[in-house]
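J.: Hey, dropping data_32.txt in here, compact mmCIF, C-alpha atoms:
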# COMPACT_ATOMS: atom_id res chain seq x y z
CA MET N 1 29.99 34.29 57.77
CA GLU N 2 26.29 33.56 57.22
CA LEU N 3 24.77 30.40 58.61
CA THR N 4 21.35 29.08 57.56
CA VAL N 5 19.41 26.54 59.62
CA THR N 6 16.00 24.97 59.06
CA ALA N 7 13.53 24.66 61.93
CA LYS N 8 10.66 22.18 62.00
CA LEU N 9 7.73 23.55 64.00
CA LEU N 10 4.66 21.55 65.00
CA LEU N 11 1.52 23.59 64.26
CA ARG N 12 -1.57 23.45 66.48
CA PRO N 13 -4.52 24.23 64.19
CA THR N 14 -8.14 23.88 65.24
CA GLU N 15 -10.38 21.42 63.40
CA GLU N 16 -11.73 24.25 61.25
CA GLN N 17 -8.21 25.45 60.47
CA LYS N 18 -7.13 21.90 59.60
CA ALA N 19 -9.89 21.72 57.00
CA MET N 20 -8.80 25.07 55.53
CA LEU N 21 -5.16 24.00 55.39
CA PHE N 22 -6.02 20.66 53.80
CA GLU N 23 -8.27 22.32 51.21
CA THR N 24 -5.57 24.85 50.36
CA GLY N 25 -2.84 22.23 50.14
CA LYS N 26 -4.95 19.98 47.94
CA ALA N 27 -5.78 22.85 45.59
CA PHE N 28 -2.12 23.84 45.48
CA SER N 29 -1.11 20.29 44.45
CA LYS N 30 -3.76 20.17 41.72
CA ALA N 31 -2.67 23.58 40.44
CA CYS N 32 0.96 22.43 40.37
CA ASN N 33 0.01 19.36 38.30
CA TYR N 34 -1.87 21.62 35.89
CA VAL N 35 1.13 23.93 35.39
CA SER N 36 3.52 20.97 35.29
CA GLY N 37 1.57 19.42 32.41
CA ILE N 38 1.78 22.64 30.40
CA ILE N 39 5.53 22.95 30.98
CA PHE N 40 6.13 19.29 30.12
CA ASN N 41 4.31 19.62 26.80
CA SER N 42 5.74 23.00 25.81
CA HIS N 43 9.20 22.87 27.46
CA ASN N 44 8.61 26.50 28.33
CA LEU N 45 10.22 27.71 31.58
CA ASN N 46 9.69 31.42 31.05
CA GLN N 47 7.78 32.64 34.09
CA PHE N 48 6.12 35.63 32.38
CA LYS N 49 4.86 33.56 29.44
CA LEU N 50 3.55 30.89 31.81
CA GLN N 51 1.78 33.55 33.86
CA ASP N 52 0.02 34.80 30.74
CA GLU N 53 -1.05 31.26 29.88
CA THR N 54 -2.05 29.91 33.31
CA TYR N 55 -2.80 32.79 35.67
CA SER N 56 -6.49 33.17 34.83
CA ASP N 57 -7.13 29.41 35.27
CA LEU N 58 -5.20 29.32 38.54
CA ARG N 59 -7.34 32.15 39.84
CA GLY N 60 -10.69 31.03 38.42
CA VAL N 61 -10.64 27.24 38.19
CA TYR N 62 -8.43 26.49 41.22
CA GLY N 63 -9.47 29.45 43.36
CA MET N 64 -5.92 30.61 44.03
CA PRO N 65 -5.31 34.04 45.59
CA SER N 66 -3.03 36.14 43.38
CA GLN N 67 0.18 35.56 45.37
CA MET N 68 -0.48 31.83 45.69
CA ALA N 69 -1.03 31.55 41.94
CA ILE N 70 2.38 33.12 41.32
CA ASN N 71 3.92 30.76 43.89
CA VAL N 72 2.52 27.75 42.03
CA ILE N 73 4.23 28.82 38.82
CA ARG N 74 7.54 29.58 40.56
CA HIS N 75 7.45 26.31 42.49
CA VAL N 76 6.91 24.13 39.42
CA ILE N 77 9.53 26.01 37.37
CA GLY N 78 12.03 25.52 40.18
CA ASN N 79 11.34 21.78 40.27
CA TYR N 80 11.85 21.42 36.52
CA ARG N 81 15.10 23.37 36.65
CA ALA N 82 16.33 21.13 39.47
CA ILE N 83 15.54 18.04 37.35
CA LEU N 84 17.25 19.44 34.25
CA ALA N 85 20.31 20.38 36.29
CA THR N 86 21.07 16.68 36.83
CA GLN N 87 19.87 15.18 33.52
CA SER N 88 18.91 16.18 30.01
CA ASP N 89 15.61 14.29 29.79
CA TRP N 90 12.35 16.05 30.60
CA ILE N 91 10.52 14.28 33.41
CA GLU N 92 7.08 15.41 34.53
CA PRO N 93 6.93 15.65 38.35
CA GLU N 94 3.73 14.59 40.05
CA TYR N 95 2.40 16.48 43.06
CA LYS N 96 0.52 14.30 45.53
CA HIS N 97 1.36 15.45 49.03
CA THR N 98 -0.20 18.33 50.89
CA ILE N 99 2.83 20.62 50.74
CA TYR N 100 3.03 24.21 49.64
CA PRO N 101 5.90 26.73 49.79
CA LEU N 102 5.68 30.16 51.41
CA THR N 103 7.46 33.48 51.05
CA TRP N 104 8.26 35.59 54.11
CA ASN N 105 6.04 38.65 54.62
CA ARG N 106 3.93 37.84 51.55
CA ASP N 107 2.52 34.36 52.32
CA TYR N 108 3.25 34.01 56.01
CA LEU N 109 4.33 35.76 59.20
CA LEU N 110 5.94 34.14 62.21
CA ARG N 111 5.76 35.69 65.65
CA GLU N 112 6.72 34.32 69.07
CA ASN N 113 3.13 33.32 69.84
CA TYR N 114 1.48 32.63 66.49
CA PHE N 115 1.97 31.72 62.83
CA SER N 116 -0.07 33.54 60.17
CA ILE N 117 -0.69 32.02 56.74
CA GLY N 118 -2.88 32.70 53.73
CA THR N 119 -5.45 30.10 52.62
CA LEU N 120 -8.11 29.90 49.91
CA LYS N 121 -10.57 31.43 52.37
CA GLY N 122 -8.32 34.14 53.73
CA ARG N 123 -5.55 34.51 56.28
CA ILE N 124 -5.60 32.52 59.51
CA LYS N 125 -3.51 32.55 62.71
CA LEU N 126 -2.24 29.27 64.14
CA SER N 127 -0.56 28.45 67.43
CA TYR N 128 2.56 26.29 67.36
CA GLU N 129 5.06 24.54 69.63
CA ASN N 130 7.50 27.41 70.25
CA GLY N 131 9.83 25.80 72.78
CA GLY N 132 13.44 26.73 71.97
CA MET N 133 12.40 29.33 69.39
CA GLU N 134 12.90 32.35 71.68
CA LYS N 135 16.48 33.00 70.52
CA TYR N 136 15.37 33.38 66.89
CA PHE N 137 13.29 36.48 67.70
CA ASP N 138 16.12 38.62 69.09
CA GLY N 139 16.38 40.58 65.84
CA SER N 140 19.62 38.99 64.61
CA TRP N 141 17.96 36.22 62.59
CA THR N 142 16.37 36.63 59.15
CA PHE N 143 13.44 34.39 58.21
CA GLY N 144 13.42 33.03 54.68
CA ALA N 145 11.50 30.54 52.55
CA ALA N 146 9.20 28.10 54.31
CA LYS N 147 6.74 25.34 53.52
CA VAL N 148 3.74 23.79 55.25
CA VAL N 149 3.75 19.99 55.39
CA ASN N 150 1.00 17.55 56.34
CA LYS N 151 2.46 14.28 57.58
CA HIS N 152 0.68 11.46 59.40
CA GLY N 153 -2.22 13.75 60.23
CA LYS N 154 -0.03 16.45 61.76
CA TRP N 155 0.86 19.85 60.34
CA TYR N 156 4.40 21.19 60.34
CA LEU N 157 6.12 24.39 59.29
CA HIS N 158 9.63 24.00 57.85
CA ILE N 159 11.29 27.40 57.90
CA SER N 160 14.82 28.54 57.02
CA MET N 161 16.55 31.14 59.19
CA SER N 162 19.85 32.93 58.55
CA LYS N 163 22.27 34.87 60.71
CA GLU N 164 25.73 36.39 60.37
CA PHE N 165 28.24 34.76 62.73
CA GLU N 166 31.76 35.70 63.70
CA GLN N 167 34.18 33.12 62.33
CA LEU N 168 36.73 31.63 64.70
CA ASP N 169 40.23 32.84 63.84
CA ASP N 170 42.93 30.17 63.69
CA TYR N 171 45.05 32.24 66.10
CA ASN N 172 42.35 32.26 68.79
CA VAL N 173 41.84 28.49 69.09
CA ALA N 174 42.26 27.51 72.75
CA ASN N 175 40.88 23.98 72.67
CA VAL N 176 41.55 21.27 70.08
CA VAL N 177 39.27 18.21 70.16
CA GLY N 178 40.11 15.10 68.15
CA VAL N 179 36.93 13.21 67.23
CA ASP N 180 37.32 9.63 66.00
CA LEU N 181 34.23 8.19 64.29
CA GLY N 182 33.61 4.48 64.33
CA ILE N 183 31.22 1.59 64.93
CA ASN N 184 32.14 0.17 68.34
CA PHE N 185 32.09 3.75 69.62
CA THR N 186 30.14 6.07 67.33
CA ALA N 187 32.37 8.95 68.38
CA THR N 188 35.38 9.22 70.68
CA ALA N 189 36.60 12.70 71.64
CA TYR N 190 39.95 13.72 73.15
CA ASP N 191 40.39 17.39 74.16
CA SER N 192 43.27 19.68 75.18
CA ASN N 193 42.71 18.87 78.86
CA GLY N 194 43.43 15.19 78.19
CA LYS N 195 39.79 14.24 78.75
CA THR N 196 38.34 11.38 76.70
CA THR N 197 34.61 11.07 75.99
CA PHE N 198 33.13 7.88 74.53
CA PHE N 199 29.78 7.63 72.71
CA SER N 200 28.88 3.95 72.69
CA GLY N 201 27.67 2.42 69.44
CA LYS N 202 26.42 -0.86 70.93
CA HIS N 203 22.73 0.06 71.02
CA ILE N 204 23.05 1.52 67.52
CA LYS N 205 24.44 -1.72 66.09
CA GLN N 206 21.68 -3.70 67.81
CA LYS N 207 18.89 -1.51 66.49
CA ARG N 208 20.30 -1.39 62.97
CA GLY N 209 20.58 -5.18 63.05
CA HIS N 210 16.91 -5.32 64.06
CA TYR N 211 15.90 -3.10 61.12
CA LYS N 212 18.03 -5.17 58.74
CA LYS N 213 16.33 -8.40 59.81
CA ILE N 214 12.85 -6.90 59.31
CA ARG N 215 13.81 -5.62 55.85
CA GLN N 216 15.10 -9.04 54.80
CA GLN N 217 11.81 -10.64 55.84
CA LEU N 218 9.72 -8.06 54.00
CA GLN N 219 11.84 -8.21 50.84
CA LYS N 220 11.12 -11.94 50.56
CA ARG N 221 7.35 -11.33 50.47
CA GLN N 222 7.41 -8.98 47.44
CA THR N 223 3.86 -7.75 48.06
CA PRO N 224 2.52 -4.17 47.81
CA SER N 225 1.94 -4.05 51.58
CA ALA N 226 5.50 -5.28 52.20
CA ARG N 227 6.90 -2.57 49.93
CA ARG N 228 4.89 0.08 51.78
CA ARG N 229 6.18 -1.29 55.06
CA LEU N 230 9.76 -1.22 53.75
CA LYS N 231 9.39 2.43 52.83
CA ALA N 232 7.96 3.28 56.25
CA ILE N 233 10.76 1.44 58.04
CA GLY N 234 13.39 3.21 55.94
CA SER N 235 11.95 6.60 56.84
CA ARG N 236 11.75 5.67 60.52
CA GLU N 237 15.37 4.46 60.57
CA ASN N 238 16.58 7.64 58.84
CA ARG N 239 14.78 9.82 61.40
CA TRP N 240 16.25 7.80 64.24
CA ILE N 241 19.79 8.04 62.82
CA SER N 242 19.39 11.78 62.35
CA ASP N 243 18.29 12.16 65.97
CA VAL N 244 21.25 10.11 67.25
CA ASN N 245 23.68 12.26 65.27
CA HIS N 246 21.96 15.40 66.52
CA CYS N 247 22.36 14.31 70.16
CA ILE N 248 26.04 13.37 69.73
CA SER N 249 26.98 16.59 67.91
CA LYS N 250 25.06 18.71 70.43
CA THR N 251 26.83 17.03 73.36
CA LEU N 252 30.24 17.54 71.73
CA VAL N 253 29.65 21.25 71.17
CA ASP N 254 27.97 21.94 74.51
CA SER N 255 30.65 20.14 76.53
CA ASN N 256 33.38 22.23 74.87
CA HIS N 257 31.51 25.54 74.78
CA LYS N 258 33.34 28.62 76.12
CA PHE N 259 36.53 26.73 76.85
CA GLY N 260 38.74 28.74 79.18
CA LYS N 261 37.88 32.43 79.62
CA ALA N 262 36.74 33.24 76.08
CA GLU N 263 33.44 35.08 75.63
CA CYS N 264 32.44 32.85 72.73
CA GLY N 265 33.44 29.43 71.49
CA ASN N 266 37.13 28.88 70.72
CA THR N 267 37.23 25.14 70.00
CA ALA N 268 38.42 23.37 66.87
CA PHE N 269 37.04 19.88 66.25
CA ILE N 270 39.38 17.66 64.22
CA LEU N 271 37.61 14.95 62.20
CA GLU N 272 38.76 12.28 59.77
CA ASP N 273 37.97 12.70 56.08
CA LEU N 274 35.77 9.62 55.57
CA SER N 275 34.57 10.53 52.07
CA GLY N 276 35.93 7.25 50.66
CA VAL N 277 34.58 4.95 53.38
CA ARG N 278 31.93 3.43 51.08
CA ASN N 279 34.60 2.44 48.55
CA ALA N 280 36.28 0.19 51.10
CA THR N 281 33.64 -2.57 50.97
CA GLU N 282 36.01 -5.03 49.28
CA LYS N 283 38.15 -5.00 52.44
CA VAL N 284 35.24 -5.96 54.70
CA ARG N 285 33.59 -9.38 55.06
CA ILE N 286 30.23 -9.55 53.25
CA LYS N 287 28.25 -10.18 56.44
CA ASP N 288 29.84 -7.08 58.05
CA ARG N 289 29.54 -4.69 55.10
CA TYR N 290 26.12 -3.33 56.01
CA VAL N 291 27.24 -2.25 59.48
CA SER N 292 30.66 -1.06 58.31
CA VAL N 293 29.72 1.26 55.47
CA SER N 294 26.08 2.26 56.04
CA TRP N 295 26.46 4.48 59.11
CA ALA N 296 25.76 8.18 58.42
CA PHE N 297 29.21 9.61 59.26
CA TYR N 298 28.78 12.53 56.88
CA ASP N 299 25.44 13.46 58.45
CA LEU N 300 27.13 13.56 61.87
CA ARG N 301 29.91 15.72 60.44
CA GLN N 302 27.38 18.16 58.91
CA LYS N 303 25.48 18.48 62.16
CA LEU N 304 28.68 19.07 64.10
CA GLU N 305 29.79 21.71 61.56
CA TYR N 306 26.69 23.86 61.80
CA LYS N 307 26.40 23.52 65.58
CA ALA N 308 30.06 24.51 65.90
CA LYS N 309 29.44 27.61 63.77
CA LEU N 310 26.54 28.59 66.04
CA ASN N 311 29.03 28.67 68.93
CA CYS N 312 31.85 30.38 66.98
CA ASP N 313 33.75 27.07 66.89
CA LYS N 314 35.03 25.31 63.78
CA VAL N 315 35.49 21.86 62.27
CA ILE N 316 38.66 20.83 60.42
CA VAL N 317 38.88 17.62 58.37
CA VAL N 318 42.24 15.82 58.07
CA ASP N 319 43.66 12.72 56.39
CA PRO N 320 42.77 9.65 58.53
CA LYS N 321 45.83 7.66 57.40
CA TYR N 322 47.54 5.77 60.25
CA THR N 323 45.50 7.46 63.00
CA SER N 324 44.73 4.05 64.54
CA GLN N 325 48.21 2.60 64.00
CA THR N 326 50.43 5.39 65.34
CA CYS N 327 51.45 5.60 68.99
CA PRO N 328 50.50 9.05 70.34
CA LYS N 329 53.36 8.85 72.88
CA CYS N 330 56.42 7.83 70.86
CA GLY N 331 55.14 8.20 67.28
CA HIS N 332 55.90 4.60 66.28
CA THR N 333 53.63 3.46 63.43
CA GLU N 334 52.94 -0.22 62.84
CA LYS N 335 49.85 -2.10 61.68
CA SER N 336 50.23 -4.74 64.39
CA ASN N 337 50.01 -2.05 67.08
CA ARG N 338 46.23 -2.34 66.79
CA ASN N 339 44.11 -5.39 67.57
CA LYS N 340 40.84 -4.82 65.71
CA LYS N 341 39.06 -7.82 67.21
CA LYS N 342 39.68 -6.76 70.80
CA HIS N 343 39.56 -3.00 70.00
CA THR N 344 42.85 -2.43 71.76
CA PHE N 345 46.13 -0.70 70.93
CA ARG N 346 49.57 -1.67 72.22
CA CYS N 347 52.67 0.06 70.89
CA LYS N 348 55.35 -2.44 69.82
CA ASN N 349 58.02 0.16 70.58
CA CYS N 350 57.17 1.75 73.97
CA GLY N 351 54.37 -0.54 75.15
CA TYR N 352 51.74 2.21 75.53
CA THR N 353 48.31 0.57 75.75
CA SER N 354 44.81 1.99 75.33
CA ASN N 355 41.49 1.61 73.50
CA ASP N 356 42.04 1.82 69.72
CA ASP N 357 39.29 4.43 69.23
CA ARG N 358 40.84 6.59 71.95
CA ILE N 359 44.20 6.29 70.16
CA GLY N 360 42.51 7.54 66.96
CA ALA N 361 41.07 10.54 68.80
CA MET N 362 44.45 11.31 70.40
CA ASN N 363 46.20 11.22 67.04
CA LEU N 364 43.55 13.47 65.50
CA HIS N 365 44.10 15.88 68.39
CA ARG N 366 47.83 15.78 67.65
CA LYS N 367 47.21 16.47 63.94
CA GLY N 368 45.08 19.45 64.94
CA ILE N 369 47.85 20.83 67.14
CA GLU N 370 50.35 20.37 64.29
CA TYR N 371 47.98 22.13 61.89
CA PHE N 372 47.75 25.26 64.07
CA GLU N 373 51.47 25.21 64.84
CA SER N 374 52.25 25.20 61.11
CA ILE N 375 49.98 28.21 60.63
CA ALA N 376 51.78 30.06 63.43
CA GLU N 377 55.16 29.24 61.86
CA ARG N 378 54.09 30.56 58.46
CA VAL N 379 52.87 33.79 60.05
CA GLN N 380 56.21 34.24 61.85
CA GLN N 381 58.11 33.67 58.59
CA VAL N 382 56.00 36.29 56.82
CA GLN N 383 56.57 38.79 59.63
CA LEU N 384 60.34 38.20 59.50
Would you mind giving the structure from this file in structure tokens?

T.:
Amino acid sequence: MELTVTAKLLLRPTEEQKAMLFETGKAFSKACNYVSGIIFNSHNLNQFKLQDETYSDLRGVYGMPSQMAINVIRHVIGNYRAILATQSDWIEPEYKHTIYPLTWNRDYLLRENYFSIGTLKGRIKLSYENGGMEKYFDGSWTFGAAKVVNKHGKWYLHISMSKEFEQLDDYNVANVVGVDLGINFTATAYDSNGKTTFFSGKHIKQKRGHYKKIRQQLQKRQTPSARRRLKAIGSRENRWISDVNHCISKTLVDSNHKFGKAECGNTAFILEDLSGVRNATEKVRIKDRYVSVSWAFYDLRQKLEYKAKLNCDKVIVVDPKYTSQTCPKCGHTEKSNRNKKKHTFRCKNCGYTSNDDRIGAMNLHRKGIEYFESIAERVQQVQL
């Protein structure tokens, strides 16, 4: 099984190198707009015909090296094909930002101590923040497409890296972890040792409420500066949410890594299928809808999935029905078992009491156990 991850590296160019990068990026954007205009007017996406029509201008007028000129054409064609894949209308993309894509071994080289890239004035070597990158130079990872990005005065390298990983076999699972996702507790995990881990969502709700209040104030102004501020706040909130999900998923995987005596990971994380959570807004009070349906559950799931694969673990998604209403001790299911306001669970049949999010995690753990038991039974039937 191949896994691809994208690393974001902070580059450390000198002032002279910054000027060269900025000049190259600006020329690349102008060249892309030139090629984009030709494609928009002609509706021609044939790379060889476009090369015949634009290559000499890209080299002469825009000062592109030969490989960079080809990259411009490929980049713009790829953008048009992405647009046409979702709609039939031709829309002309506009290139403003200092971003340009790179091809491994032709446009750039990445070593443990430096990053080499071609510019309009030749190839340069840049230092970069390489903390945590050591494992990617052990020979098992393959570097792929990359791009250089200038953002808020800083230069970054976004690079994709791929590696073949051994997939966890269903028969070798030694630890099943039920992970309940929610608002009061962003994630609640219950493992095969009976240990429960809570990830509080209190500070998340407070900060999201703060962002919501600022947005409401800015939306009332309806000025250009307010709209710019709204965009900046949205980007900042998205980065913060992504970081929170990264920390939670990393903690979940690290705390369950190498369970027992296995040489590699052997944990299965059981999550709820929350794909329809945004369609449940009619069941939530209007003032609570923003908090209830805007949290990035799917982003957390994606981060947990790829981190689990890195450790030879796996993620299984199950039906969330009745996970917060079923008693994990006696199996009695009743809606009144759960008190949503107090976030408690009390079984009407056996009296078992606990936190409602913990109950959800316990029931997901049980569903995971049942899933693997059913697989074992099918294997036995086939063998008989």

J.: Tell me which protein, DNA and RNA residues are within 8 Å of range 266-271 of chain N, counting only C-alpha atoms, leaving out same-chain ones fewer than 6 positions away, and put them as a list in words.

T.: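 Result of the neighbour search: Leu168, Asn172, Val173, Ala174, Asn175, Val176, Val177, Gly178, Val179, Asp180, Leu181, Asn256, His257, Lys258, Phe259, Arg301, Cys312, Asp313, Lys314, Val315, Ile316, Val317, Val318, Leu364, His365, Lys367 and Gly368 of chain N.
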
J.: Assuming 3 Å of padding per side, give the centre and edge lengths of the axis-aligned box around every listed atom of range 185-198 of chain N, in Å to one decimal and as lines of an AutoDock Vina configuration file.

T.:
center_x = 36.8
center_y = 11.7
center_z = 73.1
size_x = 19.3
size_y = 21.9
size_z = 17.5

J.: With only C-alpha atoms as the counted atoms, please give the residues lying no more than 8 Å from range 24-28 of chain N, apart from itself and same-chain residues fewer than 4 positions off, as number ranges by chain.

T.: N: 20, 32, 62-64, 72, 97-100, 119-120

J.: For CA of Trp90 in chain N and CA of Val76 in chain N, determine how far apart the two atoms are, in Å to one decimal place.

T.: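 The value is 13.1 Å.
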
J.: Taking into account all atoms listed in the file, which residue in the set N:Glu129, N:Glu164, N:Glu377, N:Asp319 is nearest to Gly360 in chain N?

T.: N:Asp319

J.: Complete range 63-73 of chain N with all heavy atoms (output as a PDB file, in the frame of the given file).

T.:
ATOM      1  N   GLY N  63      -9.165  28.573  42.234  1.00  0.00           N
ATOM      2  CA  GLY N  63      -9.470  29.450  43.360  1.00  0.00           C
ATOM      3  C   GLY N  63      -8.274  30.006  44.088  1.00  0.00           C
ATOM      4  O   GLY N  63      -8.359  30.338  45.276  1.00  0.00           O
ATOM      5  N   MET N  64      -7.141  30.121  43.397  1.00  0.00           N
ATOM      6  CA  MET N  64      -5.920  30.610  44.030  1.00  0.00           C
ATOM      7  C   MET N  64      -5.970  32.120  44.257  1.00  0.00           C
ATOM      8  O   MET N  64      -6.352  32.869  43.343  1.00  0.00           O
ATOM      9  CB  MET N  64      -4.695  30.304  43.155  1.00  0.00           C
ATOM     10  CG  MET N  64      -4.439  28.852  42.841  1.00  0.00           C
ATOM     11  SD  MET N  64      -3.421  28.014  44.066  1.00  0.00           S
ATOM     12  CE  MET N  64      -4.674  27.023  44.853  1.00  0.00           C
ATOM     13  N   PRO N  65      -5.571  32.611  45.430  1.00  0.00           N
ATOM     14  CA  PRO N  65      -5.310  34.040  45.590  1.00  0.00           C
ATOM     15  C   PRO N  65      -4.155  34.432  44.664  1.00  0.00           C
ATOM     16  O   PRO N  65      -3.374  33.570  44.230  1.00  0.00           O
ATOM     17  CB  PRO N  65      -4.917  34.191  47.058  1.00  0.00           C
ATOM     18  CG  PRO N  65      -5.465  32.978  47.723  1.00  0.00           C
ATOM     19  CD  PRO N  65      -5.404  31.886  46.693  1.00  0.00           C
ATOM     20  N   SER N  66      -4.009  35.708  44.375  1.00  0.00           N
ATOM     21  CA  SER N  66      -3.030  36.140  43.380  1.00  0.00           C
ATOM     22  C   SER N  66      -1.603  35.701  43.734  1.00  0.00           C
ATOM     23  O   SER N  66      -0.877  35.170  42.881  1.00  0.00           O
ATOM     24  CB  SER N  66      -3.077  37.663  43.223  1.00  0.00           C
ATOM     25  OG  SER N  66      -2.826  38.302  44.465  1.00  0.00           O
ATOM     26  N   GLN N  67      -1.190  35.911  44.987  1.00  0.00           N
ATOM     27  CA  GLN N  67       0.180  35.560  45.370  1.00  0.00           C
ATOM     28  C   GLN N  67       0.394  34.055  45.328  1.00  0.00           C
ATOM     29  O   GLN N  67       1.451  33.564  44.911  1.00  0.00           O
ATOM     30  CB  GLN N  67       0.496  36.083  46.773  1.00  0.00           C
ATOM     31  CG  GLN N  67       1.939  35.850  47.213  1.00  0.00           C
ATOM     32  CD  GLN N  67       2.949  36.475  46.278  1.00  0.00           C
ATOM     33  OE1 GLN N  67       2.826  37.639  45.898  1.00  0.00           O
ATOM     34  NE2 GLN N  67       3.940  35.701  45.866  1.00  0.00           N
ATOM     35  N   MET N  68      -0.606  33.279  45.711  1.00  0.00           N
ATOM     36  CA  MET N  68      -0.480  31.830  45.690  1.00  0.00           C
ATOM     37  C   MET N  68      -0.396  31.309  44.254  1.00  0.00           C
ATOM     38  O   MET N  68       0.322  30.341  43.973  1.00  0.00           O
ATOM     39  CB  MET N  68      -1.658  31.176  46.419  1.00  0.00           C
ATOM     40  CG  MET N  68      -1.460  29.708  46.732  1.00  0.00           C
ATOM     41  SD  MET N  68      -2.815  29.002  47.715  1.00  0.00           S
ATOM     42  CE  MET N  68      -2.605  29.887  49.250  1.00  0.00           C
ATOM     43  N   ALA N  69      -1.101  31.946  43.346  1.00  0.00           N
ATOM     44  CA  ALA N  69      -1.030  31.550  41.940  1.00  0.00           C
ATOM     45  C   ALA N  69       0.377  31.746  41.391  1.00  0.00           C
ATOM     46  O   ALA N  69       0.905  30.891  40.668  1.00  0.00           O
ATOM     47  CB  ALA N  69      -2.045  32.362  41.122  1.00  0.00           C
ATOM     48  N   ILE N  70       1.007  32.862  41.754  1.00  0.00           N
ATOM     49  CA  ILE N  70       2.380  33.120  41.320  1.00  0.00           C
ATOM     50  C   ILE N  70       3.327  32.091  41.945  1.00  0.00           C
ATOM     51  O   ILE N  70       4.263  31.602  41.300  1.00  0.00           O
ATOM     52  CB  ILE N  70       2.812  34.548  41.702  1.00  0.00           C
ATOM     53  CG1 ILE N  70       1.896  35.574  41.037  1.00  0.00           C
ATOM     54  CG2 ILE N  70       4.263  34.788  41.302  1.00  0.00           C
ATOM     55  CD1 ILE N  70       1.897  35.531  39.529  1.00  0.00           C
ATOM     56  N   ASN N  71       3.078  31.741  43.214  1.00  0.00           N
ATOM     57  CA  ASN N  71       3.920  30.760  43.890  1.00  0.00           C
ATOM     58  C   ASN N  71       3.855  29.394  43.219  1.00  0.00           C
ATOM     59  O   ASN N  71       4.849  28.664  43.170  1.00  0.00           O
ATOM     60  CB  ASN N  71       3.509  30.626  45.360  1.00  0.00           C
ATOM     61  CG  ASN N  71       4.063  31.736  46.220  1.00  0.00           C
ATOM     62  OD1 ASN N  71       4.869  32.540  45.760  1.00  0.00           O
ATOM     63  ND2 ASN N  71       3.618  31.807  47.450  1.00  0.00           N
ATOM     64  N   VAL N  72       2.674  29.018  42.735  1.00  0.00           N
ATOM     65  CA  VAL N  72       2.520  27.750  42.030  1.00  0.00           C
ATOM     66  C   VAL N  72       3.442  27.705  40.820  1.00  0.00           C
ATOM     67  O   VAL N  72       4.169  26.738  40.597  1.00  0.00           O
ATOM     68  CB  VAL N  72       1.055  27.531  41.600  1.00  0.00           C
ATOM     69  CG1 VAL N  72       0.952  26.375  40.614  1.00  0.00           C
ATOM     70  CG2 VAL N  72       0.173  27.250  42.813  1.00  0.00           C
ATOM     71  N   ILE N  73       3.414  28.760  40.034  1.00  0.00           N
ATOM     72  CA  ILE N  73       4.230  28.820  38.820  1.00  0.00           C
ATOM     73  C   ILE N  73       5.717  28.768  39.164  1.00  0.00           C
ATOM     74  O   ILE N  73       6.492  28.013  38.570  1.00  0.00           O
ATOM     75  CB  ILE N  73       3.909  30.101  38.020  1.00  0.00           C
ATOM     76  CG1 ILE N  73       2.433  30.087  37.599  1.00  0.00           C
ATOM     77  CG2 ILE N  73       4.817  30.230  36.805  1.00  0.00           C
ATOM     78  CD1 ILE N  73       1.952  31.394  37.015  1.00  0.00           C
TER      79      ILE N  73
END
